[in-house]
There are 2 protein chains.
Amino acid sequence: MPAPKRKPQATATADPQPAPVRVVHRAAEAQAQILAAVDELFYREGARAVGVDAVVKRAGVNKMSLYRQFESKDALLLHYLAGREQKFWAYFEASLAKHPGQPREQLLQFFIDLSARASQHDYRGCPFVNFAVEFPDPAHPARLAVAANKSRLIARLQELARHTEAADAEALANGLALLIEGAYAASQTYTPGHALIKALPQVAKCMLDAACGPPTESPP
Amino acid sequence: MPAPKRKPQATATADPQPAPVRVVHRAAEAQAQILAAVDELFYREGARAVGVDAVVKRAGVNKMSLYRQFESKDALLLHYLAGREQKFWAYFEASLAKHPGQPREQLLQFFIDLSARASQHDYRGCPFVNFAVEFPDPAHPARLAVAANKSRLIARLQELARHTEAADAEALANGLALLIEGAYAASQTYTPGHALIKALPQVAKCMLDAACGPPTESPP
DNA sequence: CCCTTTTGTTACCGATCAGTAACATTGCTT
DNA sequence: AAGCAATGTTACTGATCGGTAACAAAAGGG
């Protein structure tokens with residue numbers, strides 16, 4: 001609970017400490033700057049490589065201001081992944097929103113958008129994949145956030161696949177999930193701007209076609 | 001050049017230092033133990049997370065024995081990746097050797113074997129992917145080894161794809177490459193033993209079928 | 001105005017990082 | 001046996017890691 005402590009509710013009278021409804025905007029401000037710095041640095045340079053000193057320097061705050069809001073670097077990692085979880089689903093649903101009620105086009109659109117995002121020079125792959133690589137110990141608390149993201153992803157893919165005409169929705173979801181992870185990994189290993197990432201939508205389309213039959217069978 | 005220095009050739013007479021053709025088996029022995037420790041530790045726990053102290057402890061040698069053979073930790077990284085390069089192609093060609101002259105079955109076999117390998121509890125993904133994640137700076141000398149591995153891989157896939165009956169060999173190779181990277185990433189993010197990795201051969205087969213037509217069109 | 005709580009700042013902790021200086025010991029060669 | 005080069009060992013460097021103690025300044029509320 002990184003939010004600054006407040007009185008429970010100011011329970012009327014009979015209270016020795018008189019309801020400290022402080023302003024504390026300084027703390028909230030520092031917290032926001034810290035989280036912004038964390039999000040940027042952890043993603044760009046890696047959570048393991050970035051120390052708290054680099055974070056406070058980037059955030060423009062003092063180290064004690066950080067440790068008064070967050071109990072440890074691990075807490076920062078949790079906040080970082082929580083923020084990335086939100087951001088990921090925002091991307092995901094934004095793609096889907098472009099073709100309401102058309103699950104097949106929705107899925108393809110996600111790959112089109114992912115391909116574009118992964119082609120940007122500052123793209124550093126999937127924060128969850130990167131975290132799992134940087135922290136091999138599956139018992140690390142933040143690894144739960146990684147597992148949760150991926151389990152929600154495969155569930156969502158299965159749900160969308162079931163709404164297509166695919167004969168085997170499970171298999172289609174598995175294929176698409178592997179393709180997504182493939183784009184994440186390939187964006188880091190293949191030299192930037194490689195044709196692989198640009199070919200992602202084509203490959204996804206091919207997979208969708210193979211699972212559902214020819215593109216869109218609309219009666220003429 | 002981590003090999004212990006020897007005399008150029010012992011150039012006959014007229015030489016102040018008399019041809020030190022030493023045995024040096026101690027150094028070679030230490031070097032082998034160091035490389036074995038490096039290979040294990042860097043892969044299992046991550047190259048960034050493992051310090052040279054951990055390496056020398058695991059190798060059972062003294063730290064100076066390490067620094068007399070290798071000039072820096074970066075040199076160790078290079079050796080590590082070079083060894084993994086060899087190991088990877090050994091795996092790859094071993095799969096292909098199971099179906100000589102049948103490029104389609106060769107490709108599928110690789111996915112079958114990769115799926116099995118990636119299902120083992122101690123599998124930690126692709127060393128090259130992991131390295132790229134742990135060392136985001138593309139200018140890092142060892143990143144050349146990563147790029148080289150992937151560029152050889154895609155070239156090899158294209159070569160094999162061209163020998164199948166696939167209409168678009170390039171597209172097939174791209175799809176398979178993305179699938180391979182996907183298996184690497186998914187093996188680390190999805191909870192161990194997830195159905196995704198087991199489904200890898202099925203997905204690969206589906207992709208091959210879509211590209212080449214039904215399994216093996218042998219005239220009856 | 002006084003008092004309490006939150007802030008900002010500095011200096012520090014022990015642990016670990018990659019890498020090395022210095023020296024004792026071994027083992028081979030002549 | 002003498003000498004030299006390769007070893008083994010210890011202790012150390014300066015930098016950085018995550019995290020904290022202590023204290024001064026400030027800001028709010030009664």
# chains A, B, ... in the order shown; residues from 1 in each chain; ligands from 1
>>> residues_around(residues="region 17-29 of chain C", least_positions_apart="2", cutoff="8 Å", atoms="only C-alpha atoms (C1' of nucleotides)", output="ChimeraX atom specification")
/B:22,51-52,73 /D:7-8,12-13,15-17
>>> calpha_fit_and_write(fixed="chain A", moving="chain B", output="short mmCIF file (atom, residue, chain, number, x, y, z; two decimals) with C-alpha atoms, in the first residue's frame")
data_model
loop_
_atom_site.label_atom_id
_atom_site.label_comp_id
_atom_site.auth_asym_id
_atom_site.auth_seq_id
_atom_site.Cartn_x
_atom_site.Cartn_y
_atom_site.Cartn_z
CA MET B 1 0.34 -0.24 0.04
CA PRO B 2 2.40 2.64 -1.28
CA ALA B 3 -0.32 5.23 -0.68
CA PRO B 4 0.44 7.68 2.12
CA LYS B 5 -1.26 6.75 5.33
CA ARG B 6 -4.41 8.54 6.25
CA LYS B 7 -6.75 8.33 9.18
CA PRO B 8 -9.39 5.61 8.86
CA GLN B 9 -12.31 7.97 8.71
CA ALA B 10 -11.97 10.63 11.42
CA THR B 11 -14.23 8.89 13.88
CA ALA B 12 -16.00 11.88 15.27
CA THR B 13 -14.87 12.93 18.73
CA ALA B 14 -12.88 11.12 21.40
CA ASP B 15 -9.71 10.85 19.36
CA PRO B 16 -6.31 11.89 20.71
CA GLN B 17 -4.83 12.45 17.21
CA PRO B 18 -7.18 14.86 15.48
CA ALA B 19 -7.88 13.35 12.05
CA PRO B 20 -4.78 14.19 9.97
CA VAL B 21 -6.41 14.59 6.60
CA ARG B 22 -3.18 16.01 5.24
CA VAL B 23 -2.67 17.15 1.71
CA VAL B 24 0.40 15.06 1.03
CA HIS B 25 0.47 16.09 -2.60
CA ARG B 26 4.25 16.14 -2.39
CA ALA B 27 4.37 12.45 -1.71
CA ALA B 28 1.92 11.60 -4.45
CA GLU B 29 3.90 13.72 -6.85
CA ALA B 30 7.17 12.01 -5.96
CA GLN B 31 5.48 8.64 -6.24
CA ALA B 32 4.23 9.41 -9.72
CA GLN B 33 7.68 10.53 -10.84
CA ILE B 34 9.25 7.42 -9.36
CA LEU B 35 6.80 5.12 -11.08
CA ALA B 36 7.36 6.90 -14.37
CA ALA B 37 11.12 6.55 -14.01
CA VAL B 38 10.78 2.92 -13.02
CA ASP B 39 8.57 2.14 -15.98
CA GLU B 40 11.00 3.69 -18.40
CA LEU B 41 14.27 2.44 -16.93
CA PHE B 42 13.21 -1.09 -16.03
CA TYR B 43 11.81 -1.61 -19.50
CA ARG B 44 14.64 -0.01 -21.44
CA GLU B 45 17.65 -1.28 -19.51
CA GLY B 46 16.31 -4.22 -17.58
CA ALA B 47 15.03 -4.45 -14.04
CA ARG B 48 18.14 -6.17 -12.80
CA ALA B 49 20.58 -3.77 -14.40
CA VAL B 50 18.90 -0.64 -13.04
CA GLY B 51 19.64 0.27 -9.45
CA VAL B 52 17.58 2.38 -7.14
CA ASP B 53 20.15 5.14 -7.40
CA ALA B 54 19.51 5.35 -11.13
CA VAL B 55 15.78 5.43 -10.45
CA VAL B 56 15.90 8.28 -7.97
CA LYS B 57 18.25 10.22 -10.22
CA ARG B 58 15.91 9.84 -13.19
CA ALA B 59 12.86 10.63 -11.08
CA GLY B 60 14.55 13.72 -9.67
CA VAL B 61 13.76 12.76 -6.12
CA ASN B 62 15.78 11.75 -3.11
CA LYS B 63 16.41 8.16 -2.23
CA MET B 64 14.63 8.49 1.09
CA SER B 65 11.57 9.80 -0.73
CA LEU B 66 11.54 6.52 -2.58
CA TYR B 67 11.99 4.31 0.45
CA ARG B 68 9.27 6.14 2.34
CA GLN B 69 6.80 5.25 -0.44
CA PHE B 70 8.02 1.79 -1.36
CA GLU B 71 9.37 -0.71 1.08
CA SER B 72 11.90 -2.28 -1.24
CA LYS B 73 13.04 -2.65 -4.82
CA ASP B 74 10.86 -5.74 -5.09
CA ALA B 75 7.86 -3.54 -4.38
CA LEU B 76 8.94 -1.37 -7.29
CA LEU B 77 9.08 -4.43 -9.49
CA LEU B 78 5.53 -5.34 -8.56
CA HIS B 79 4.29 -1.86 -9.38
CA TYR B 80 6.21 -1.90 -12.62
CA LEU B 81 4.63 -5.15 -13.76
CA ALA B 82 1.19 -4.07 -12.62
CA GLY B 83 1.49 -0.97 -14.77
CA ARG B 84 2.67 -3.02 -17.72
CA GLU B 85 -0.24 -5.36 -17.28
CA GLN B 86 -2.62 -2.47 -17.69
CA LYS B 87 -0.73 -1.11 -20.66
CA PHE B 88 -0.72 -4.48 -22.38
CA TRP B 89 -4.44 -4.96 -22.18
CA ALA B 90 -4.97 -1.42 -23.35
CA TYR B 91 -3.01 -2.27 -26.49
CA PHE B 92 -4.81 -5.56 -26.86
CA GLU B 93 -8.31 -4.24 -26.55
CA ALA B 94 -7.48 -1.24 -28.73
CA SER B 95 -6.69 -3.62 -31.57
CA LEU B 96 -9.88 -5.56 -31.02
CA ALA B 97 -11.94 -2.39 -30.95
CA LYS B 98 -11.13 -1.82 -34.61
CA HIS B 99 -13.31 -4.73 -35.72
CA PRO B 100 -16.17 -5.17 -33.28
CA GLY B 101 -17.90 -8.50 -33.48
CA GLN B 102 -15.39 -9.91 -35.98
CA PRO B 103 -13.10 -12.11 -33.89
CA ARG B 104 -11.01 -13.21 -36.83
CA GLU B 105 -10.27 -9.67 -37.97
CA GLN B 106 -9.71 -8.68 -34.36
CA LEU B 107 -7.03 -11.30 -33.93
CA LEU B 108 -5.35 -10.39 -37.18
CA GLN B 109 -5.44 -6.72 -36.23
CA PHE B 110 -3.63 -7.44 -33.02
CA PHE B 111 -0.79 -9.00 -34.98
CA ILE B 112 -0.70 -6.07 -37.37
CA ASP B 113 -0.40 -3.66 -34.48
CA LEU B 114 2.10 -5.82 -32.62
CA SER B 115 4.23 -6.02 -35.73
CA ALA B 116 4.23 -2.24 -35.98
CA ARG B 117 5.05 -1.77 -32.31
CA ALA B 118 7.81 -4.36 -32.36
CA SER B 119 9.38 -2.65 -35.36
CA GLN B 120 10.06 0.56 -33.50
CA HIS B 121 13.67 1.17 -32.63
CA ASP B 122 13.00 1.54 -28.94
CA TYR B 123 10.98 -1.64 -28.65
CA ARG B 124 12.49 -3.87 -26.04
CA GLY B 125 10.19 -6.88 -26.19
CA CYS B 126 7.66 -8.08 -23.67
CA PRO B 127 8.25 -6.84 -20.12
CA PHE B 128 7.01 -10.14 -18.75
CA VAL B 129 9.26 -12.25 -20.92
CA ASN B 130 12.18 -10.05 -20.03
CA PHE B 131 11.39 -10.29 -16.37
CA ALA B 132 11.19 -14.07 -16.46
CA VAL B 133 14.59 -14.17 -18.13
CA GLU B 134 16.16 -11.71 -15.73
CA PHE B 135 14.72 -13.46 -12.69
CA PRO B 136 15.00 -17.19 -13.31
CA ASP B 137 13.76 -18.15 -9.89
CA PRO B 138 10.08 -19.03 -10.38
CA ALA B 139 9.52 -18.45 -6.67
CA HIS B 140 10.21 -14.75 -7.01
CA PRO B 141 7.04 -12.92 -5.96
CA ALA B 142 6.92 -10.88 -9.14
CA ARG B 143 6.94 -14.03 -11.24
CA LEU B 144 3.31 -14.42 -10.24
CA ALA B 145 2.54 -11.31 -12.24
CA VAL B 146 4.26 -12.84 -15.26
CA ALA B 147 2.33 -16.09 -15.01
CA ALA B 148 -0.90 -14.18 -14.49
CA ASN B 149 -0.41 -12.10 -17.61
CA LYS B 150 0.27 -15.10 -19.79
CA SER B 151 -2.53 -17.14 -18.39
CA ARG B 152 -4.96 -14.29 -19.02
CA LEU B 153 -3.58 -13.93 -22.52
CA ILE B 154 -4.06 -17.55 -23.49
CA ALA B 155 -7.54 -17.52 -21.99
CA ARG B 156 -8.45 -14.45 -24.00
CA LEU B 157 -7.05 -15.98 -27.18
CA GLN B 158 -9.05 -19.14 -26.61
CA GLU B 159 -12.17 -17.10 -26.08
CA LEU B 160 -11.65 -15.22 -29.33
CA ALA B 161 -10.69 -18.37 -31.20
CA ARG B 162 -13.87 -20.05 -30.05
CA HIS B 163 -15.85 -17.28 -31.68
CA THR B 164 -14.24 -17.86 -35.04
CA GLU B 165 -15.15 -20.68 -37.37
CA ALA B 166 -12.01 -22.55 -36.46
CA ALA B 167 -12.53 -26.28 -36.19
CA ASP B 168 -10.01 -26.56 -33.35
CA ALA B 169 -10.13 -23.34 -31.37
CA GLU B 170 -7.71 -24.63 -28.76
CA ALA B 171 -5.08 -25.39 -31.37
CA LEU B 172 -5.57 -22.02 -33.01
CA ALA B 173 -5.13 -20.22 -29.72
CA ASN B 174 -1.96 -22.19 -29.03
CA GLY B 175 -0.54 -21.32 -32.42
CA LEU B 176 -1.32 -17.65 -32.05
CA ALA B 177 0.11 -17.55 -28.55
CA LEU B 178 3.35 -19.10 -29.74
CA LEU B 179 3.47 -16.56 -32.55
CA ILE B 180 3.05 -13.71 -30.10
CA GLU B 181 5.83 -14.95 -27.85
CA GLY B 182 7.90 -15.50 -30.96
CA ALA B 183 7.52 -11.89 -31.94
CA TYR B 184 8.63 -10.84 -28.47
CA ALA B 185 11.77 -12.96 -28.56
CA ALA B 186 12.62 -12.36 -32.20
CA SER B 187 12.38 -8.61 -31.77
CA GLN B 188 15.33 -8.83 -29.39
CA THR B 189 17.50 -11.42 -31.09
CA TYR B 190 17.16 -10.69 -34.78
CA THR B 191 18.84 -7.55 -35.97
CA PRO B 192 16.50 -4.57 -35.76
CA GLY B 193 14.16 -4.12 -38.69
CA HIS B 194 14.48 -7.74 -39.70
CA ALA B 195 11.93 -9.07 -42.15
CA LEU B 196 10.75 -11.59 -39.56
CA ILE B 197 8.83 -9.02 -37.56
CA LYS B 198 7.32 -7.46 -40.65
CA ALA B 199 6.19 -10.90 -41.77
CA LEU B 200 4.30 -11.45 -38.54
CA PRO B 201 0.85 -10.43 -39.85
CA GLN B 202 1.28 -12.57 -42.93
CA VAL B 203 2.16 -15.59 -40.80
CA ALA B 204 -0.75 -14.94 -38.49
CA LYS B 205 -3.11 -14.61 -41.43
CA CYS B 206 -1.84 -17.88 -42.84
CA MET B 207 -2.46 -19.55 -39.51
CA LEU B 208 -5.96 -18.12 -39.28
CA ASP B 209 -6.72 -19.20 -42.82
CA ALA B 210 -5.50 -22.71 -42.13
CA ALA B 211 -7.67 -22.94 -39.03
CA CYS B 212 -10.82 -21.25 -40.31
CA GLY B 213 -10.78 -21.79 -44.04
CA PRO B 214 -10.48 -19.01 -46.67
CA PRO B 215 -10.55 -15.39 -45.41
CA THR B 216 -14.16 -14.33 -44.93
CA GLU B 217 -16.82 -16.59 -46.30
CA SER B 218 -19.54 -14.07 -46.91
CA PRO B 219 -22.41 -15.32 -49.07
CA PRO B 220 -22.54 -13.29 -52.33
#
>>> closest_atom_pairs(of="chain D", to="chain B", cutoff="12 Å", atoms="only C-alpha atoms (C1' of nucleotides)", output="JSON lines")
{"residue": "D:DC4", "atom": "C1'", "partner": "B:Gln17", "partner_atom": "CA", "distance": 10.2}
{"residue": "D:DA5", "atom": "C1'", "partner": "B:Pro20", "partner_atom": "CA", "distance": 9.0}
{"residue": "D:DA6", "atom": "C1'", "partner": "B:Val24", "partner_atom": "CA", "distance": 7.7}
{"residue": "D:DT7", "atom": "C1'", "partner": "B:Ser65", "partner_atom": "CA", "distance": 8.2}
{"residue": "D:DG8", "atom": "C1'", "partner": "B:Asn62", "partner_atom": "CA", "distance": 7.5}
{"residue": "D:DT9", "atom": "C1'", "partner": "B:Asn62", "partner_atom": "CA", "distance": 8.1}
{"residue": "D:DT10", "atom": "C1'", "partner": "B:Asn62", "partner_atom": "CA", "distance": 10.9}
>>> residues_around(residues="DA11 (chain C)", least_positions_apart="2", cutoff="10 Å", atoms="only C-alpha atoms (C1' of nucleotides)", output="VMD selection string")
(chain C and resid 9 13) or (chain D and resid 21 to 22)
>>> atom_distance(atom1="C1' of DT4 (chain C)", atom2="C1' of DA25 (chain D)")
14.1 Å
>>> atom_distance(atom1="C1' of DT5 (chain C)", atom2="C1' of DG18 (chain D)")
26.9 Å
>>> interface_residues(of="chain C", to="chain A", cutoff="9 Å", atoms="only C-alpha atoms (C1' of nucleotides)", output="number ranges by chain")
C: 6-9
>>> atom_distance(atom1="C1' of DC23 (chain D)", atom2="C1' of DT16 (chain C)")
29.5 Å
>>> select_by_dssp(residues="region 23-168 of chain B", states="alpha helix (DSSP H)", output="PyMOL selection string")
chain B and resi 25-45+52-59+63-67+73-96+103-118+127-134+143-162
>>> decode(residues="region 7-30 of chain C", atoms="C-alpha atoms (C1' of nucleotides)", output="PDB file, in the first residue's frame")
ATOM      1  C1'  DT C   7       9.896  16.267   4.016  1.00  0.00           C
ATOM      2  C1'  DG C   8      14.954  16.914   2.156  1.00  0.00           C
ATOM      3  C1'  DT C   9      19.802  15.846   2.767  1.00  0.00           C
ATOM      4  C1'  DT C  10      23.981  13.596   3.962  1.00  0.00           C
ATOM      5  C1'  DA C  11      26.542  10.205   5.256  1.00  0.00           C
ATOM      6  C1'  DC C  12      26.838   5.801   6.064  1.00  0.00           C
ATOM      7  C1'  DC C  13      26.174   0.396   6.381  1.00  0.00           C
ATOM      8  C1'  DG C  14      27.711  -4.402   4.929  1.00  0.00           C
ATOM      9  C1'  DA C  15      27.741  -7.070   0.821  1.00  0.00           C
ATOM     10  C1'  DT C  16      29.135  -7.878  -3.695  1.00  0.00           C
ATOM     11  C1'  DC C  17      30.897  -6.471  -8.217  1.00  0.00           C
ATOM     12  C1'  DA C  18      35.066  -7.073 -11.701  1.00  0.00           C
ATOM     13  C1'  DG C  19      39.792  -7.059 -11.540  1.00  0.00           C
ATOM     14  C1'  DT C  20      44.819  -6.989  -9.586  1.00  0.00           C
ATOM     15  C1'  DA C  21      49.311  -6.611  -6.802  1.00  0.00           C
ATOM     16  C1'  DA C  22      52.367  -9.199  -4.385  1.00  0.00           C
ATOM     17  C1'  DC C  23      54.410 -13.212  -2.985  1.00  0.00           C
ATOM     18  C1'  DA C  24      55.094 -18.174  -1.926  1.00  0.00           C
ATOM     19  C1'  DT C  25      55.314 -22.571  -4.229  1.00  0.00           C
ATOM     20  C1'  DT C  26      55.703 -25.801  -7.630  1.00  0.00           C
ATOM     21  C1'  DG C  27      57.672 -28.080 -11.571  1.00  0.00           C
ATOM     22  C1'  DC C  28      60.140 -28.257 -15.672  1.00  0.00           C
ATOM     23  C1'  DT C  29      64.622 -27.420 -18.429  1.00  0.00           C
ATOM     24  C1'  DT C  30      69.186 -26.987 -18.890  1.00  0.00           C
TER      25       DT C  30
END
